[in-house]
Amino acid sequence: MPSSNATLLYLVKQLELAVRARMDEVVGGEGLTPVQYTALTVLARRPGLTSAELARNSFVRPQTMARITAGLEERQFVRRETDPHSRRQMRLYLTDHGHETVERLEPAITAIETRMVADLDDTEVEALRSALQSSRRALGGSAAH
């Protein structure tokens, strides 16, 4: 296999753009952006996060997440509840509509990932997953949630 002169950063960015374009096609049909969909999937796995925690897990700034969650709440994808231990904090949860939307989109999102790694065998997929997680930690990111 010939070696590429492209830097790894360039290749990662190109992959990100390709994934985002495919996700736009899928989630756009529900009136969502990939960032909004990511926030919903994070809340599906980790209900009860604050907006700041959700921002960290969705790779956006807290101010951006505040706008995103306000829109998602207005469209009844998420609801806020006062934290019983700290009345000053609000916790975010998916509504039934939010859960149904995530479940409905999951097969199409899974198909994107399947297509992305179609030329890799299982060992290569796990090696890629491990390498990406290691790279993320090396740059100061936490493990994927």
# chains A, B, ... in the order shown; residues from 1 in each chain; ligands from 1
>>> residues_around(residues="Thr69 in chain A", least_positions_apart="5", cutoff="9 Å", atoms="only C-alpha atoms", output="PyMOL selection string")
chain A and resi 36+39+51+64+74+77-79+92
>>> residues_around(residues="range 101-106 of chain A", least_positions_apart="2", cutoff="10 Å", atoms="only C-alpha atoms", output="NGL selection string")
:A and (23 or 26-27 or 29-30 or 37-38 or 40-41 or 44 or 77 or 94-99 or 108-112)
>>> closest_atom_pairs(of="range 20-60 of chain A", to="range 80-89 of chain A", cutoff="12 Å", atoms="only C-alpha atoms", output="JSON lines")
{"residue": "A:Leu43", "atom": "CA", "partner": "A:Arg80", "partner_atom": "CA", "distance": 11.7}
{"residue": "A:Pro47", "atom": "CA", "partner": "A:Arg80", "partner_atom": "CA", "distance": 10.7}
{"residue": "A:Gly48", "atom": "CA", "partner": "A:Glu81", "partner_atom": "CA", "distance": 8.3}
{"residue": "A:Leu49", "atom": "CA", "partner": "A:Arg80", "partner_atom": "CA", "distance": 9.8}
{"residue": "A:Thr50", "atom": "CA", "partner": "A:Gln89", "partner_atom": "CA", "distance": 7.1}
{"residue": "A:Ser51", "atom": "CA", "partner": "A:Gln89", "partner_atom": "CA", "distance": 9.1}
{"residue": "A:Ala52", "atom": "CA", "partner": "A:Gln89", "partner_atom": "CA", "distance": 10.2}
{"residue": "A:Glu53", "atom": "CA", "partner": "A:Gln89", "partner_atom": "CA", "distance": 11.3}
>>> write_last_selection(atoms="C-alpha atoms", output="JSON list (two decimals), in the first residue's frame")
[["chain", "number", "residue", "atom", "x", "y", "z"],
["A", 43, "LEU", "CA", -28.24, 12.22, 27.37],
["A", 47, "PRO", "CA", -29.31, 11.14, 31.83],
["A", 48, "GLY", "CA", -29.24, 13.94, 34.35],
["A", 49, "LEU", "CA", -26.18, 15.85, 33.17],
["A", 50, "THR", "CA", -25.96, 19.58, 33.64],
["A", 51, "SER", "CA", -25.67, 21.73, 30.53],
["A", 52, "ALA", "CA", -21.95, 22.27, 31.25],
["A", 53, "GLU", "CA", -21.36, 18.52, 31.60]]
>>> select_by_dssp(residues="range 14-135 of chain A", states="alpha helix (DSSP H)", output="ChimeraX atom specification")
/A:14-28,34-45,51-58,62-74,96-116,122-135
>>> select_by_dssp(residues="chain A", states="strand (DSSP E or B)", output="PDB file with all heavy atoms, in the first residue's frame")
ATOM      1  N   LEU A  49     -27.342  14.966  33.228  1.00  0.00           N
ATOM      2  CA  LEU A  49     -26.178  15.850  33.167  1.00  0.00           C
ATOM      3  C   LEU A  49     -26.623  17.303  33.252  1.00  0.00           C
ATOM      4  O   LEU A  49     -27.736  17.648  32.866  1.00  0.00           O
ATOM      5  CB  LEU A  49     -25.417  15.647  31.856  1.00  0.00           C
ATOM      6  CG  LEU A  49     -24.742  14.299  31.622  1.00  0.00           C
ATOM      7  CD1 LEU A  49     -24.125  14.260  30.224  1.00  0.00           C
ATOM      8  CD2 LEU A  49     -23.694  14.021  32.677  1.00  0.00           C
ATOM      9  N   VAL A  78     -35.858  17.458  25.076  1.00  0.00           N
ATOM     10  CA  VAL A  78     -35.284  17.350  26.420  1.00  0.00           C
ATOM     11  C   VAL A  78     -36.149  18.130  27.407  1.00  0.00           C
ATOM     12  O   VAL A  78     -36.920  19.003  27.029  1.00  0.00           O
ATOM     13  CB  VAL A  78     -33.824  17.864  26.497  1.00  0.00           C
ATOM     14  CG1 VAL A  78     -32.905  17.097  25.566  1.00  0.00           C
ATOM     15  CG2 VAL A  78     -33.744  19.351  26.228  1.00  0.00           C
ATOM     16  N   ARG A  79     -35.972  17.790  28.677  1.00  0.00           N
ATOM     17  CA  ARG A  79     -36.621  18.541  29.749  1.00  0.00           C
ATOM     18  C   ARG A  79     -35.569  18.824  30.828  1.00  0.00           C
ATOM     19  O   ARG A  79     -34.597  18.079  30.969  1.00  0.00           O
ATOM     20  CB  ARG A  79     -37.809  17.782  30.328  1.00  0.00           C
ATOM     21  CG  ARG A  79     -37.460  16.577  31.127  1.00  0.00           C
ATOM     22  CD  ARG A  79     -38.703  15.867  31.709  1.00  0.00           C
ATOM     23  NE  ARG A  79     -38.335  14.866  32.682  1.00  0.00           N
ATOM     24  CZ  ARG A  79     -37.800  13.681  32.397  1.00  0.00           C
ATOM     25  NH1 ARG A  79     -37.589  13.331  31.141  1.00  0.00           N
ATOM     26  NH2 ARG A  79     -37.487  12.837  33.351  1.00  0.00           N
ATOM     27  N   ARG A  80     -35.782  19.882  31.574  1.00  0.00           N
ATOM     28  CA  ARG A  80     -34.899  20.257  32.679  1.00  0.00           C
ATOM     29  C   ARG A  80     -35.603  19.963  33.997  1.00  0.00           C
ATOM     30  O   ARG A  80     -36.799  20.185  34.118  1.00  0.00           O
ATOM     31  CB  ARG A  80     -34.586  21.749  32.642  1.00  0.00           C
ATOM     32  CG  ARG A  80     -33.830  22.193  31.438  1.00  0.00           C
ATOM     33  CD  ARG A  80     -33.723  23.727  31.454  1.00  0.00           C
ATOM     34  NE  ARG A  80     -33.346  24.225  30.155  1.00  0.00           N
ATOM     35  CZ  ARG A  80     -32.105  24.491  29.781  1.00  0.00           C
ATOM     36  NH1 ARG A  80     -31.126  24.334  30.644  1.00  0.00           N
ATOM     37  NH2 ARG A  80     -31.848  24.919  28.577  1.00  0.00           N
ATOM     38  N   GLU A  81     -34.819  19.489  34.957  1.00  0.00           N
ATOM     39  CA  GLU A  81     -35.324  19.283  36.310  1.00  0.00           C
ATOM     40  C   GLU A  81     -34.328  19.867  37.283  1.00  0.00           C
ATOM     41  O   GLU A  81     -33.117  19.767  37.084  1.00  0.00           O
ATOM     42  CB  GLU A  81     -35.512  17.790  36.604  1.00  0.00           C
ATOM     43  CG  GLU A  81     -36.594  17.122  35.795  1.00  0.00           C
ATOM     44  CD  GLU A  81     -36.758  15.649  36.147  1.00  0.00           C
ATOM     45  OE1 GLU A  81     -36.199  15.201  37.180  1.00  0.00           O
ATOM     46  OE2 GLU A  81     -37.432  14.951  35.376  1.00  0.00           O
ATOM     47  N   THR A  82     -34.831  20.457  38.331  1.00  0.00           N
ATOM     48  CA  THR A  82     -33.965  20.995  39.369  1.00  0.00           C
ATOM     49  C   THR A  82     -33.247  19.857  40.071  1.00  0.00           C
ATOM     50  O   THR A  82     -33.861  18.846  40.425  1.00  0.00           O
ATOM     51  CB  THR A  82     -34.791  21.801  40.394  1.00  0.00           C
ATOM     52  OG1 THR A  82     -35.501  22.824  39.701  1.00  0.00           O
ATOM     53  CG2 THR A  82     -33.905  22.430  41.452  1.00  0.00           C
ATOM     54  N   ASP A  83     -31.952  20.035  40.262  1.00  0.00           N
ATOM     55  CA  ASP A  83     -31.149  19.046  40.985  1.00  0.00           C
ATOM     56  C   ASP A  83     -31.601  19.045  42.444  1.00  0.00           C
ATOM     57  O   ASP A  83     -31.577  20.086  43.096  1.00  0.00           O
ATOM     58  CB  ASP A  83     -29.668  19.420  40.884  1.00  0.00           C
ATOM     59  CG  ASP A  83     -28.742  18.402  41.513  1.00  0.00           C
ATOM     60  OD1 ASP A  83     -29.114  17.789  42.540  1.00  0.00           O
ATOM     61  OD2 ASP A  83     -27.627  18.228  41.000  1.00  0.00           O
ATOM     62  N   SER A  86     -28.786  20.349  44.735  1.00  0.00           N
ATOM     63  CA  SER A  86     -28.297  21.711  44.516  1.00  0.00           C
ATOM     64  C   SER A  86     -29.353  22.458  43.704  1.00  0.00           C
ATOM     65  O   SER A  86     -29.363  22.392  42.482  1.00  0.00           O
ATOM     66  CB  SER A  86     -26.970  21.682  43.764  1.00  0.00           C
ATOM     67  OG  SER A  86     -26.592  22.985  43.391  1.00  0.00           O
ATOM     68  N   ARG A  87     -30.212  23.154  44.370  1.00  0.00           N
ATOM     69  CA  ARG A  87     -31.335  23.828  43.721  1.00  0.00           C
ATOM     70  C   ARG A  87     -30.904  24.813  42.640  1.00  0.00           C
ATOM     71  O   ARG A  87     -31.712  25.223  41.819  1.00  0.00           O
ATOM     72  CB  ARG A  87     -32.183  24.554  44.771  1.00  0.00           C
ATOM     73  CG  ARG A  87     -32.827  23.610  45.738  1.00  0.00           C
ATOM     74  CD  ARG A  87     -34.250  23.430  45.361  1.00  0.00           C
ATOM     75  NE  ARG A  87     -34.922  22.497  46.257  1.00  0.00           N
ATOM     76  CZ  ARG A  87     -35.637  21.498  45.820  1.00  0.00           C
ATOM     77  NH1 ARG A  87     -35.778  21.292  44.552  1.00  0.00           N
ATOM     78  NH2 ARG A  87     -36.233  20.691  46.667  1.00  0.00           N
ATOM     79  N   ARG A  88     -29.635  25.179  42.637  1.00  0.00           N
ATOM     80  CA  ARG A  88     -29.138  26.122  41.629  1.00  0.00           C
ATOM     81  C   ARG A  88     -28.825  25.435  40.303  1.00  0.00           C
ATOM     82  O   ARG A  88     -28.677  26.095  39.289  1.00  0.00           O
ATOM     83  CB  ARG A  88     -27.889  26.831  42.153  1.00  0.00           C
ATOM     84  CG  ARG A  88     -28.210  27.732  43.349  1.00  0.00           C
ATOM     85  CD  ARG A  88     -26.981  28.353  43.942  1.00  0.00           C
ATOM     86  NE  ARG A  88     -26.160  28.977  42.914  1.00  0.00           N
ATOM     87  CZ  ARG A  88     -24.939  29.415  43.121  1.00  0.00           C
ATOM     88  NH1 ARG A  88     -24.390  29.306  44.311  1.00  0.00           N
ATOM     89  NH2 ARG A  88     -24.245  29.964  42.152  1.00  0.00           N
ATOM     90  N   GLN A  89     -28.693  24.117  40.307  1.00  0.00           N
ATOM     91  CA  GLN A  89     -28.352  23.392  39.085  1.00  0.00           C
ATOM     92  C   GLN A  89     -29.583  22.730  38.483  1.00  0.00           C
ATOM     93  O   GLN A  89     -30.445  22.229  39.193  1.00  0.00           O
ATOM     94  CB  GLN A  89     -27.302  22.311  39.357  1.00  0.00           C
ATOM     95  CG  GLN A  89     -25.925  22.865  39.581  1.00  0.00           C
ATOM     96  CD  GLN A  89     -24.892  21.760  39.542  1.00  0.00           C
ATOM     97  OE1 GLN A  89     -25.150  20.629  39.923  1.00  0.00           O
ATOM     98  NE2 GLN A  89     -23.699  22.095  39.093  1.00  0.00           N
ATOM     99  N   MET A  90     -29.593  22.742  37.166  1.00  0.00           N
ATOM    100  CA  MET A  90     -30.646  22.054  36.430  1.00  0.00           C
ATOM    101  C   MET A  90     -30.037  20.822  35.768  1.00  0.00           C
ATOM    102  O   MET A  90     -28.934  20.879  35.221  1.00  0.00           O
ATOM    103  CB  MET A  90     -31.251  22.975  35.364  1.00  0.00           C
ATOM    104  CG  MET A  90     -31.877  24.243  35.925  1.00  0.00           C
ATOM    105  SD  MET A  90     -33.259  23.914  37.019  1.00  0.00           S
ATOM    106  CE  MET A  90     -34.504  23.415  35.865  1.00  0.00           C
ATOM    107  N   ARG A  91     -30.751  19.735  35.803  1.00  0.00           N
ATOM    108  CA  ARG A  91     -30.338  18.489  35.175  1.00  0.00           C
ATOM    109  C   ARG A  91     -31.169  18.277  33.919  1.00  0.00           C
ATOM    110  O   ARG A  91     -32.350  18.614  33.888  1.00  0.00           O
ATOM    111  CB  ARG A  91     -30.523  17.306  36.135  1.00  0.00           C
ATOM    112  CG  ARG A  91     -29.708  17.421  37.414  1.00  0.00           C
ATOM    113  CD  ARG A  91     -28.270  17.147  37.124  1.00  0.00           C
ATOM    114  NE  ARG A  91     -27.416  17.409  38.266  1.00  0.00           N
ATOM    115  CZ  ARG A  91     -26.125  17.164  38.245  1.00  0.00           C
ATOM    116  NH1 ARG A  91     -25.555  16.639  37.184  1.00  0.00           N
ATOM    117  NH2 ARG A  91     -25.386  17.436  39.296  1.00  0.00           N
ATOM    118  N   LEU A  92     -30.556  17.709  32.892  1.00  0.00           N
ATOM    119  CA  LEU A  92     -31.217  17.493  31.605  1.00  0.00           C
ATOM    120  C   LEU A  92     -31.548  16.019  31.400  1.00  0.00           C
ATOM    121  O   LEU A  92     -30.727  15.142  31.716  1.00  0.00           O
ATOM    122  CB  LEU A  92     -30.315  17.977  30.466  1.00  0.00           C
ATOM    123  CG  LEU A  92     -30.023  19.471  30.461  1.00  0.00           C
ATOM    124  CD1 LEU A  92     -28.834  19.771  29.558  1.00  0.00           C
ATOM    125  CD2 LEU A  92     -31.245  20.239  30.007  1.00  0.00           C
ATOM    126  N   TYR A  93     -32.726  15.782  30.843  1.00  0.00           N
ATOM    127  CA  TYR A  93     -33.205  14.429  30.569  1.00  0.00           C
ATOM    128  C   TYR A  93     -33.900  14.416  29.216  1.00  0.00           C
ATOM    129  O   TYR A  93     -34.528  15.416  28.825  1.00  0.00           O
ATOM    130  CB  TYR A  93     -34.212  13.968  31.636  1.00  0.00           C
ATOM    131  CG  TYR A  93     -33.621  13.920  33.009  1.00  0.00           C
ATOM    132  CD1 TYR A  93     -33.646  15.043  33.832  1.00  0.00           C
ATOM    133  CD2 TYR A  93     -33.033  12.756  33.480  1.00  0.00           C
ATOM    134  CE1 TYR A  93     -33.089  15.003  35.108  1.00  0.00           C
ATOM    135  CE2 TYR A  93     -32.468  12.706  34.751  1.00  0.00           C
ATOM    136  CZ  TYR A  93     -32.501  13.844  35.559  1.00  0.00           C
ATOM    137  OH  TYR A  93     -31.946  13.799  36.802  1.00  0.00           O
ATOM    138  N   LEU A  94     -33.811  13.297  28.518  1.00  0.00           N
ATOM    139  CA  LEU A  94     -34.580  13.146  27.293  1.00  0.00           C
ATOM    140  C   LEU A  94     -36.056  12.987  27.631  1.00  0.00           C
ATOM    141  O   LEU A  94     -36.411  12.342  28.617  1.00  0.00           O
ATOM    142  CB  LEU A  94     -34.132  11.912  26.510  1.00  0.00           C
ATOM    143  CG  LEU A  94     -32.769  11.933  25.835  1.00  0.00           C
ATOM    144  CD1 LEU A  94     -32.577  10.660  25.026  1.00  0.00           C
ATOM    145  CD2 LEU A  94     -32.589  13.149  24.960  1.00  0.00           C
TER     146      LEU A  94
END
>>> residues_around(residues="Leu128 in chain A", least_positions_apart="6", cutoff="12 Å", atoms="only C-alpha atoms", output="VMD selection string")
chain A and resid 12 116 to 117 120 to 122 134 to 135
>>> write_last_selection(atoms="C-alpha atoms", output="PDB file, in the first residue's frame")
ATOM      1  CA  VAL A  12      -8.785  13.061  10.779  1.00  0.00           C
ATOM      2  CA  MET A 116     -16.917   3.885   7.310  1.00  0.00           C
ATOM      3  CA  VAL A 117     -15.121   0.703   8.425  1.00  0.00           C
ATOM      4  CA  LEU A 120     -11.472  -3.130   7.817  1.00  0.00           C
ATOM      5  CA  ASP A 121     -11.632  -6.461   9.611  1.00  0.00           C
ATOM      6  CA  ASP A 122     -12.693  -6.701  13.260  1.00  0.00           C
ATOM      7  CA  SER A 134      -5.389   7.020  22.926  1.00  0.00           C
ATOM      8  CA  SER A 135      -4.950  10.039  20.681  1.00  0.00           C
TER       9      SER A 135
END
>>> closest_residue(among="A:Leu11, A:Val19, A:Val42, A:Ala127", to="Thr114 in chain A", atoms="only C-alpha atoms")
A:Val19
